[in-house]
$ cat my_file.tsv   # TSV, C-alpha atoms
chain	number	residue	atom	x	y	z
W	1	MET	CA	98.49	49.77	34.18
W	2	LEU	CA	99.96	48.40	31.03
W	3	LYS	CA	103.35	47.22	32.20
W	4	PRO	CA	105.98	46.68	29.51
W	5	VAL	CA	108.40	43.82	29.87
W	6	PHE	CA	110.74	45.37	27.35
W	7	PRO	CA	112.80	48.58	27.60
W	8	ALA	CA	110.64	51.68	27.18
W	9	ARG	CA	112.22	52.77	23.90
W	10	ALA	CA	111.85	49.32	22.36
W	11	MET	CA	108.24	49.06	23.44
W	12	ALA	CA	107.41	52.52	22.14
W	13	LEU	CA	108.94	51.60	18.80
W	14	ALA	CA	106.97	48.36	18.71
W	15	LEU	CA	103.74	50.16	19.44
W	16	ALA	CA	104.44	52.74	16.77
W	17	MET	CA	105.15	49.99	14.27
W	18	THR	CA	101.79	48.43	15.06
W	19	LEU	CA	100.03	51.16	13.14
W	20	SER	CA	101.76	50.25	9.94
W	21	ALA	CA	100.60	46.64	10.31
W	22	CYS	CA	97.91	47.18	10.98
W	23	GLY	CA	58.09	51.87	26.40
W	24	SER	CA	57.86	55.44	25.26
W	25	ALA	CA	59.88	58.16	26.81
W	26	GLU	CA	60.55	61.81	26.20
W	27	PRO	CA	63.61	62.28	24.04
W	28	ALA	CA	66.72	63.31	25.89
W	29	GLN	CA	67.68	66.95	25.71
W	30	ALA	CA	71.23	67.73	24.70
W	31	PRO	CA	73.13	69.33	27.56
W	32	GLU	CA	75.41	72.27	27.37
W	33	SER	CA	79.03	71.23	27.53
W	34	ASP	CA	82.36	72.93	27.82
W	35	ALA	CA	85.67	72.02	26.28
W	36	THR	CA	88.84	72.77	28.17
W	37	PRO	CA	91.75	74.41	26.32
W	38	GLY	CA	93.22	70.92	25.96
W	39	GLY	CA	90.09	69.65	24.25
W	40	VAL	CA	88.70	67.59	27.13
W	41	VAL	CA	84.90	67.75	27.12
W	42	THR	CA	83.21	68.22	30.48
W	43	GLU	CA	79.54	68.41	31.40
W	44	SER	CA	78.09	71.78	32.35
W	45	ALA	CA	74.40	70.87	32.70
W	46	ALA	CA	72.35	67.83	33.64
W	47	ILE	CA	70.03	66.35	31.04
W	48	ALA	CA	66.66	64.63	31.08
W	49	GLY	CA	65.59	61.47	29.30
W	50	PRO	CA	65.81	57.72	29.78
W	51	SER	CA	68.86	56.68	31.75
W	52	ARG	CA	71.36	54.45	29.98
W	53	THR	CA	74.05	52.55	31.88
W	54	ILE	CA	77.30	51.59	30.21
W	55	LEU	CA	79.95	49.44	31.87
W	56	ALA	CA	83.49	50.26	30.75
W	57	PHE	CA	85.47	47.17	31.73
W	58	GLY	CA	89.18	47.16	31.07
W	59	ASP	CA	92.69	48.00	32.23
W	60	SER	CA	94.65	51.22	32.70
W	61	LEU	CA	93.42	52.61	29.37
W	62	PHE	CA	89.99	52.85	31.03
W	63	ALA	CA	91.17	53.37	34.61
W	64	GLY	CA	92.86	56.62	33.61
W	65	TYR	CA	96.46	55.96	34.54
W	66	ARG	CA	98.05	59.15	35.98
W	67	LEU	CA	94.98	61.19	35.02
W	68	GLN	CA	92.28	62.92	37.03
W	69	PRO	CA	89.07	60.85	37.35
W	70	SER	CA	87.26	63.34	35.09
W	71	GLU	CA	89.90	62.80	32.38
W	72	SER	CA	89.51	59.02	32.07
W	73	TYR	CA	87.95	57.46	28.98
W	74	PRO	CA	84.70	56.49	30.76
W	75	ALA	CA	84.29	60.00	32.21
W	76	GLN	CA	85.00	61.78	28.93
W	77	LEU	CA	82.80	59.32	27.06
W	78	GLN	CA	79.93	60.01	29.45
W	79	ALA	CA	80.30	63.76	28.89
W	80	ALA	CA	80.41	63.29	25.11
W	81	LEU	CA	77.31	61.08	25.10
W	82	ARG	CA	75.40	63.58	27.22
W	83	ALA	CA	76.44	66.32	24.85
W	84	GLU	CA	74.73	64.23	22.15
W	85	GLY	CA	71.51	64.12	24.21
W	86	ILE	CA	72.02	60.61	25.61
W	87	ASN	CA	71.43	60.41	29.37
W	88	ALA	CA	74.28	57.99	29.88
W	89	THR	CA	76.11	56.91	32.99
W	90	VAL	CA	79.41	55.25	32.13
W	91	GLN	CA	80.72	53.21	35.06
W	92	ASN	CA	84.48	52.90	35.17
W	93	ALA	CA	85.54	49.31	35.85
W	94	GLY	CA	89.09	49.77	34.62
W	95	VAL	CA	91.87	48.29	36.76
W	96	SER	CA	95.45	49.19	35.97
W	97	GLY	CA	97.62	46.17	35.29
W	98	ASP	CA	94.77	43.78	34.55
W	99	THR	CA	95.36	40.96	32.13
W	100	THR	CA	92.41	39.15	30.55
W	101	ALA	CA	92.82	36.48	33.25
W	102	ALA	CA	92.48	39.08	36.02
W	103	GLY	CA	89.50	40.59	34.24
W	104	ARG	CA	87.89	37.18	33.94
W	105	GLN	CA	88.24	36.64	37.71
W	106	ARG	CA	86.35	39.83	38.58
W	107	PHE	CA	83.93	39.96	35.65
W	108	ALA	CA	80.89	38.17	37.10
W	109	PHE	CA	81.42	39.82	40.49
W	110	THR	CA	81.37	43.25	38.86
W	111	LEU	CA	78.14	42.52	37.00
W	112	ASP	CA	76.50	40.95	40.05
W	113	ASN	CA	77.19	44.04	42.12
W	114	MET	CA	75.79	46.62	39.71
W	115	ALA	CA	72.54	48.29	40.75
W	116	THR	CA	71.05	47.65	37.30
W	117	LYS	CA	72.04	45.51	34.36
W	118	PRO	CA	74.10	47.63	31.96
W	119	ASP	CA	72.61	48.55	28.60
W	120	LEU	CA	76.05	48.06	27.04
W	121	LEU	CA	79.39	46.53	27.99
W	122	ILE	CA	82.54	48.05	26.53
W	123	LEU	CA	85.25	45.41	26.89
W	124	GLU	CA	88.87	46.57	26.62
W	125	LEU	CA	91.47	44.01	27.68
W	126	GLY	CA	94.43	42.22	26.16
W	127	GLY	CA	97.15	44.87	26.13
W	128	ASN	CA	98.82	43.52	29.25
W	129	ASP	CA	98.64	39.97	27.88
W	130	LEU	CA	100.46	41.25	24.82
W	131	LEU	CA	103.10	43.15	26.74
W	132	ARG	CA	103.79	40.13	28.95
W	133	GLY	CA	103.94	37.73	26.03
W	134	LEU	CA	101.15	35.51	27.36
W	135	PRO	CA	99.90	32.68	25.11
W	136	VAL	CA	97.36	33.76	22.53
W	137	GLU	CA	95.16	30.80	23.44
W	138	GLU	CA	94.81	32.07	27.01
W	139	THR	CA	93.91	35.59	25.89
W	140	ARG	CA	91.29	34.25	23.51
W	141	ALA	CA	89.80	31.89	26.11
W	142	ASN	CA	89.51	34.63	28.74
W	143	LEU	CA	87.87	37.12	26.38
W	144	ASP	CA	85.61	34.33	25.09
W	145	PHE	CA	84.50	33.59	28.66
W	146	MET	CA	83.59	37.22	29.35
W	147	MET	CA	81.73	37.68	26.10
W	148	ALA	CA	79.83	34.42	26.64
W	149	GLU	CA	78.86	35.57	30.15
W	150	ALA	CA	77.67	38.94	28.86
W	151	THR	CA	75.66	37.22	26.12
W	152	LYS	CA	74.09	34.86	28.67
W	153	ARG	CA	72.99	37.90	30.68
W	154	GLY	CA	71.58	39.66	27.63
W	155	ILE	CA	74.17	42.45	27.61
W	156	PRO	CA	75.37	43.70	24.21
W	157	VAL	CA	79.13	44.13	23.84
W	158	LEU	CA	81.36	46.63	22.13
W	159	LEU	CA	84.79	45.01	21.92
W	160	MET	CA	87.86	47.25	21.82
W	161	GLY	CA	90.48	45.48	19.77
W	162	MET	CA	94.25	45.43	20.23
W	163	ARG	CA	96.98	44.65	17.74
W	164	ALA	CA	100.33	42.97	18.17
W	165	PRO	CA	103.41	44.80	16.87
W	166	PRO	CA	105.17	43.10	13.93
W	167	ASN	CA	108.36	42.42	15.90
W	168	TYR	CA	106.49	39.68	17.78
W	169	GLY	CA	106.64	37.61	14.60
W	170	GLY	CA	104.12	37.11	11.83
W	171	ASP	CA	102.44	34.02	13.25
W	172	PHE	CA	101.92	35.52	16.69
W	173	GLN	CA	100.72	38.79	15.19
W	174	ARG	CA	98.14	37.10	12.97
W	175	GLN	CA	96.86	34.88	15.79
W	176	PHE	CA	96.61	37.71	18.31
W	177	ASP	CA	94.98	40.20	15.95
W	178	ALA	CA	92.41	37.60	14.89
W	179	ILE	CA	91.12	37.18	18.46
W	180	TYR	CA	89.00	40.32	18.42
W	181	ARG	CA	87.68	39.92	14.89
W	182	ASP	CA	86.75	36.28	15.47
W	183	LEU	CA	85.03	36.85	18.83
W	184	ALA	CA	83.10	39.85	17.54
W	185	ARG	CA	81.84	37.70	14.67
W	186	GLU	CA	81.05	34.72	16.91
W	187	TYR	CA	79.01	36.77	19.40
W	188	ASP	CA	77.58	39.25	16.88
W	189	ALA	CA	79.26	42.04	18.84
W	190	ASP	CA	80.32	45.48	17.69
W	191	LEU	CA	84.06	45.95	17.25
W	192	VAL	CA	86.57	48.76	17.24
W	193	PRO	CA	89.44	46.97	15.45
W	194	PHE	CA	92.27	48.88	17.15
W	195	PHE	CA	91.32	51.07	20.11
W	196	GLN	CA	94.61	53.01	20.29
W	197	GLU	CA	94.93	53.69	16.56
W	198	PRO	CA	94.00	57.42	16.81
W	199	ILE	CA	96.94	58.16	19.14
W	200	ILE	CA	99.56	55.47	18.55
W	201	ALA	CA	101.64	57.55	16.14
W	202	ARG	CA	101.01	60.89	17.85
W	203	PRO	CA	103.54	61.29	20.69
W	204	GLU	CA	101.98	64.56	21.84
W	205	LEU	CA	98.85	62.62	22.85
W	206	ASN	CA	100.78	60.06	24.90
W	207	GLN	CA	102.41	60.26	28.31
W	208	ALA	CA	106.16	59.95	28.77
W	209	ASP	CA	105.93	56.15	28.83
W	210	ARG	CA	104.59	56.32	25.24
W	211	ILE	CA	101.92	53.79	26.14
W	212	HIS	CA	99.25	55.63	28.13
W	213	PRO	CA	97.30	58.55	26.68
W	214	THR	CA	97.25	62.05	28.10
W	215	ALA	CA	93.89	63.65	28.86
W	216	GLN	CA	93.94	65.08	25.34
W	217	GLY	CA	94.82	61.63	24.01
W	218	VAL	CA	91.78	60.22	25.79
W	219	ALA	CA	89.68	62.97	24.20
W	220	ALA	CA	90.94	61.83	20.80
W	221	LEU	CA	89.99	58.23	21.62
W	222	VAL	CA	86.51	59.33	22.67
W	223	GLU	CA	86.06	61.36	19.50
W	224	ALA	CA	87.16	58.41	17.36
W	225	THR	CA	84.90	55.88	19.09
W	226	LEU	CA	81.82	57.93	20.00
W	227	ASP	CA	79.88	56.81	16.91
W	228	ASP	CA	80.80	53.17	17.62
W	229	VAL	CA	79.45	53.46	21.16
W	230	GLN	CA	76.24	55.11	19.97
W	231	ASP	CA	75.73	52.46	17.30
W	232	ALA	CA	76.32	49.65	19.82
W	233	LEU	CA	73.95	51.10	22.42
W	234	PRO	CA	70.55	49.43	21.92
W	235	PRO	CA	67.41	51.58	21.61
W	236	SER	CA	65.99	52.70	24.94

$ encode --input "my_file.tsv" --output "structure tokens"
Amino acid sequence: MLKPVFPARAMALALAMTLSACGSAEPAQAPESDATPGGVVTESAAIAGPSRTILAFGDSLFAGYRLQPSESYPAQLQAALRAEGINATVQNAGVSGDTTAAGRQRFAFTLDNMATKPDLLILELGGNDLLRGLPVEETRANLDFMMAEATKRGIPVLLMGMRAPPNYGGDFQRQFDAIYRDLAREYDADLVPFFQEPIIARPELNQADRIHPTAQGVAALVEATLDDVQDALPPS
């Protein structure tokens, strides 16, 4: 999980302040889907069409910290894509507590052990580096390594960006925030500039720690990023 090194109230305030700175195949048939009273979309019917595999590689924001497996971002994203007629399987490779260094260590192993090469990689890491105050150069180098490895394997990337809160200092903030923009440009990858932006200033969509989303918060993240995922997914 994302583990703050500062008191909870201070970290919540810092996160809130961030926002201010800040061949041929038959076409897939759209499935029926249900929405729970809390707004979480769940599948209610299987769909046909070409299978698409998406690897969601990240930390607790993907792992679904203190949520049911069906409420995690990868699970809700899969349901939303299928509701759009895309026969997607979104594999959850989120590990709570992972820094970019930890992600780098398991990245190739994860790809090597997949049954098929993913059609898309969604890369979401860096929040724990930020919370632990790790050097920006290390964060950049680790993300660079993973994006270079994905590119070498012919896997397109959608990069989920993070932003540093302003109380870290202007220089650190500018250097950290630039990581995602610069790497997306270097590797011609799609980018969501700030993954948590839809929920960061909405306490009702966050758990008591004010860092991790509720199931409804995850639904808001999926809604905000669904078009980005569809645009990044290459044609079947």

$ residues_around --input "my_file.tsv" --residues "W:Phe57" --least-positions-apart "3" --cutoff "12 Å" --atoms "only C-alpha atoms" --output "ChimeraX atom specification"
/W:54,60-63,73-74,90-96,98-100,102-104,106-108,110-111,118,120-126,143,146-147,150,157-160

$ atom_distance --input "my_file.tsv" --atom1 "atom CA of W:Phe194" --atom2 "atom CA of W:Tyr65"
19.2 Å

$ closest_residue --input "my_file.tsv" --among "W:Met162, W:Leu221, W:Ala148, W:Ala208" --to "W:Tyr187" --atoms "only C-alpha atoms"
W:Ala148

$ closest_residue --input "my_file.tsv" --among "W:Ala115, W:Ala83, W:Ile211, W:Ala189" --to "W:Asn128" --atoms "all atoms listed in the file"
W:Ile211

$ atom_distance --input "my_file.tsv" --atom1 "atom CA of W:Asp59" --atom2 "atom CA of W:Val229"
18.1 Å

$ closest_residue --input "my_file.tsv" --among "W:Gln196, W:Gln175, W:Gln207, W:Gln68" --to "W:Val222" --atoms "only C-alpha atoms"
W:Gln196

$ atom_distance --input "my_file.tsv" --atom1 "atom CA of W:Asp209" --atom2 "atom CA of W:Leu81"
29.3 Å

$ closest_residue --input "my_file.tsv" --among "W:Leu191, W:Ala75, W:Ala164, W:Ala215" --to "W:Leu134" --atoms "only C-alpha atoms"
W:Ala164

$ closest_residue --input "my_file.tsv" --among "W:Glu149, W:Glu84, W:Asp129, W:Glu138" --to "W:Phe109" --atoms "only C-alpha atoms"
W:Glu149

$ closest_residue --input "my_file.tsv" --among "W:Asp119, W:Asp177, W:Asp112, W:Asp190" --to "W:Asn87" --atoms "only C-alpha atoms"
W:Asp119

$ build_atoms --input "my_file.tsv" --residues "stretch 110-121 of chain W" --atoms "all heavy atoms" --output "PDB file, in the frame of the given file"
ATOM      1  N   THR W 110      81.682  41.865  39.223  1.00  0.00           N
ATOM      2  CA  THR W 110      81.370  43.250  38.860  1.00  0.00           C
ATOM      3  C   THR W 110      79.926  43.368  38.386  1.00  0.00           C
ATOM      4  O   THR W 110      79.187  44.263  38.820  1.00  0.00           O
ATOM      5  CB  THR W 110      82.327  43.737  37.762  1.00  0.00           C
ATOM      6  OG1 THR W 110      83.678  43.665  38.244  1.00  0.00           O
ATOM      7  CG2 THR W 110      82.017  45.169  37.367  1.00  0.00           C
ATOM      8  N   LEU W 111      79.510  42.476  37.505  1.00  0.00           N
ATOM      9  CA  LEU W 111      78.140  42.520  37.000  1.00  0.00           C
ATOM     10  C   LEU W 111      77.129  42.254  38.110  1.00  0.00           C
ATOM     11  O   LEU W 111      76.086  42.911  38.186  1.00  0.00           O
ATOM     12  CB  LEU W 111      77.964  41.510  35.872  1.00  0.00           C
ATOM     13  CG  LEU W 111      78.709  41.812  34.567  1.00  0.00           C
ATOM     14  CD1 LEU W 111      78.555  40.646  33.597  1.00  0.00           C
ATOM     15  CD2 LEU W 111      78.210  43.106  33.934  1.00  0.00           C
ATOM     16  N   ASP W 112      77.424  41.294  38.966  1.00  0.00           N
ATOM     17  CA  ASP W 112      76.500  40.950  40.050  1.00  0.00           C
ATOM     18  C   ASP W 112      76.289  42.089  41.026  1.00  0.00           C
ATOM     19  O   ASP W 112      75.240  42.161  41.683  1.00  0.00           O
ATOM     20  CB  ASP W 112      77.015  39.724  40.817  1.00  0.00           C
ATOM     21  CG  ASP W 112      76.939  38.442  40.016  1.00  0.00           C
ATOM     22  OD1 ASP W 112      76.207  38.414  39.015  1.00  0.00           O
ATOM     23  OD2 ASP W 112      77.642  37.472  40.384  1.00  0.00           O
ATOM     24  N   ASN W 113      77.263  42.971  41.133  1.00  0.00           N
ATOM     25  CA  ASN W 113      77.190  44.040  42.120  1.00  0.00           C
ATOM     26  C   ASN W 113      76.774  45.388  41.533  1.00  0.00           C
ATOM     27  O   ASN W 113      76.835  46.406  42.225  1.00  0.00           O
ATOM     28  CB  ASN W 113      78.522  44.172  42.850  1.00  0.00           C
ATOM     29  CG  ASN W 113      78.722  43.076  43.881  1.00  0.00           C
ATOM     30  OD1 ASN W 113      78.297  43.189  45.020  1.00  0.00           O
ATOM     31  ND2 ASN W 113      79.358  41.984  43.477  1.00  0.00           N
ATOM     32  N   MET W 114      76.336  45.398  40.296  1.00  0.00           N
ATOM     33  CA  MET W 114      75.790  46.620  39.710  1.00  0.00           C
ATOM     34  C   MET W 114      74.338  46.778  40.124  1.00  0.00           C
ATOM     35  O   MET W 114      73.598  45.798  40.235  1.00  0.00           O
ATOM     36  CB  MET W 114      75.920  46.590  38.185  1.00  0.00           C
ATOM     37  CG  MET W 114      77.352  46.605  37.680  1.00  0.00           C
ATOM     38  SD  MET W 114      77.477  46.709  35.878  1.00  0.00           S
ATOM     39  CE  MET W 114      76.867  48.393  35.590  1.00  0.00           C
ATOM     40  N   ALA W 115      73.911  48.015  40.323  1.00  0.00           N
ATOM     41  CA  ALA W 115      72.540  48.290  40.750  1.00  0.00           C
ATOM     42  C   ALA W 115      71.548  47.870  39.676  1.00  0.00           C
ATOM     43  O   ALA W 115      70.453  47.382  39.982  1.00  0.00           O
ATOM     44  CB  ALA W 115      72.380  49.767  41.095  1.00  0.00           C
ATOM     45  N   THR W 116      71.893  48.054  38.427  1.00  0.00           N
ATOM     46  CA  THR W 116      71.050  47.650  37.300  1.00  0.00           C
ATOM     47  C   THR W 116      71.923  46.991  36.243  1.00  0.00           C
ATOM     48  O   THR W 116      73.128  47.274  36.140  1.00  0.00           O
ATOM     49  CB  THR W 116      70.334  48.854  36.668  1.00  0.00           C
ATOM     50  OG1 THR W 116      71.307  49.806  36.201  1.00  0.00           O
ATOM     51  CG2 THR W 116      69.407  49.536  37.682  1.00  0.00           C
ATOM     52  N   LYS W 117      71.309  46.136  35.454  1.00  0.00           N
ATOM     53  CA  LYS W 117      72.040  45.510  34.360  1.00  0.00           C
ATOM     54  C   LYS W 117      72.438  46.589  33.349  1.00  0.00           C
ATOM     55  O   LYS W 117      71.611  47.423  32.961  1.00  0.00           O
ATOM     56  CB  LYS W 117      71.168  44.459  33.681  1.00  0.00           C
ATOM     57  CG  LYS W 117      71.883  43.684  32.586  1.00  0.00           C
ATOM     58  CD  LYS W 117      70.989  42.603  31.987  1.00  0.00           C
ATOM     59  CE  LYS W 117      69.985  43.199  31.011  1.00  0.00           C
ATOM     60  NZ  LYS W 117      69.232  42.155  30.278  1.00  0.00           N
ATOM     61  N   PRO W 118      73.693  46.596  32.918  1.00  0.00           N
ATOM     62  CA  PRO W 118      74.100  47.630  31.960  1.00  0.00           C
ATOM     63  C   PRO W 118      73.422  47.456  30.610  1.00  0.00           C
ATOM     64  O   PRO W 118      73.140  46.340  30.170  1.00  0.00           O
ATOM     65  CB  PRO W 118      75.613  47.430  31.857  1.00  0.00           C
ATOM     66  CG  PRO W 118      75.850  46.025  32.289  1.00  0.00           C
ATOM     67  CD  PRO W 118      74.804  45.718  33.319  1.00  0.00           C
ATOM     68  N   ASP W 119      73.158  48.575  29.957  1.00  0.00           N
ATOM     69  CA  ASP W 119      72.610  48.550  28.600  1.00  0.00           C
ATOM     70  C   ASP W 119      73.667  48.165  27.587  1.00  0.00           C
ATOM     71  O   ASP W 119      73.349  47.696  26.489  1.00  0.00           O
ATOM     72  CB  ASP W 119      72.035  49.925  28.250  1.00  0.00           C
ATOM     73  CG  ASP W 119      70.879  50.326  29.144  1.00  0.00           C
ATOM     74  OD1 ASP W 119      69.781  49.772  28.973  1.00  0.00           O
ATOM     75  OD2 ASP W 119      71.083  51.173  30.038  1.00  0.00           O
ATOM     76  N   LEU W 120      74.938  48.370  27.946  1.00  0.00           N
ATOM     77  CA  LEU W 120      76.050  48.060  27.040  1.00  0.00           C
ATOM     78  C   LEU W 120      77.295  47.790  27.865  1.00  0.00           C
ATOM     79  O   LEU W 120      77.550  48.468  28.864  1.00  0.00           O
ATOM     80  CB  LEU W 120      76.296  49.238  26.086  1.00  0.00           C
ATOM     81  CG  LEU W 120      77.482  49.104  25.122  1.00  0.00           C
ATOM     82  CD1 LEU W 120      77.223  48.005  24.096  1.00  0.00           C
ATOM     83  CD2 LEU W 120      77.752  50.438  24.415  1.00  0.00           C
ATOM     84  N   LEU W 121      78.065  46.808  27.435  1.00  0.00           N
ATOM     85  CA  LEU W 121      79.390  46.530  27.990  1.00  0.00           C
ATOM     86  C   LEU W 121      80.428  46.936  26.955  1.00  0.00           C
ATOM     87  O   LEU W 121      80.368  46.503  25.803  1.00  0.00           O
ATOM     88  CB  LEU W 121      79.532  45.044  28.308  1.00  0.00           C
ATOM     89  CG  LEU W 121      80.962  44.530  28.535  1.00  0.00           C
ATOM     90  CD1 LEU W 121      81.541  45.077  29.844  1.00  0.00           C
ATOM     91  CD2 LEU W 121      80.994  42.998  28.520  1.00  0.00           C
TER      92      LEU W 121
END
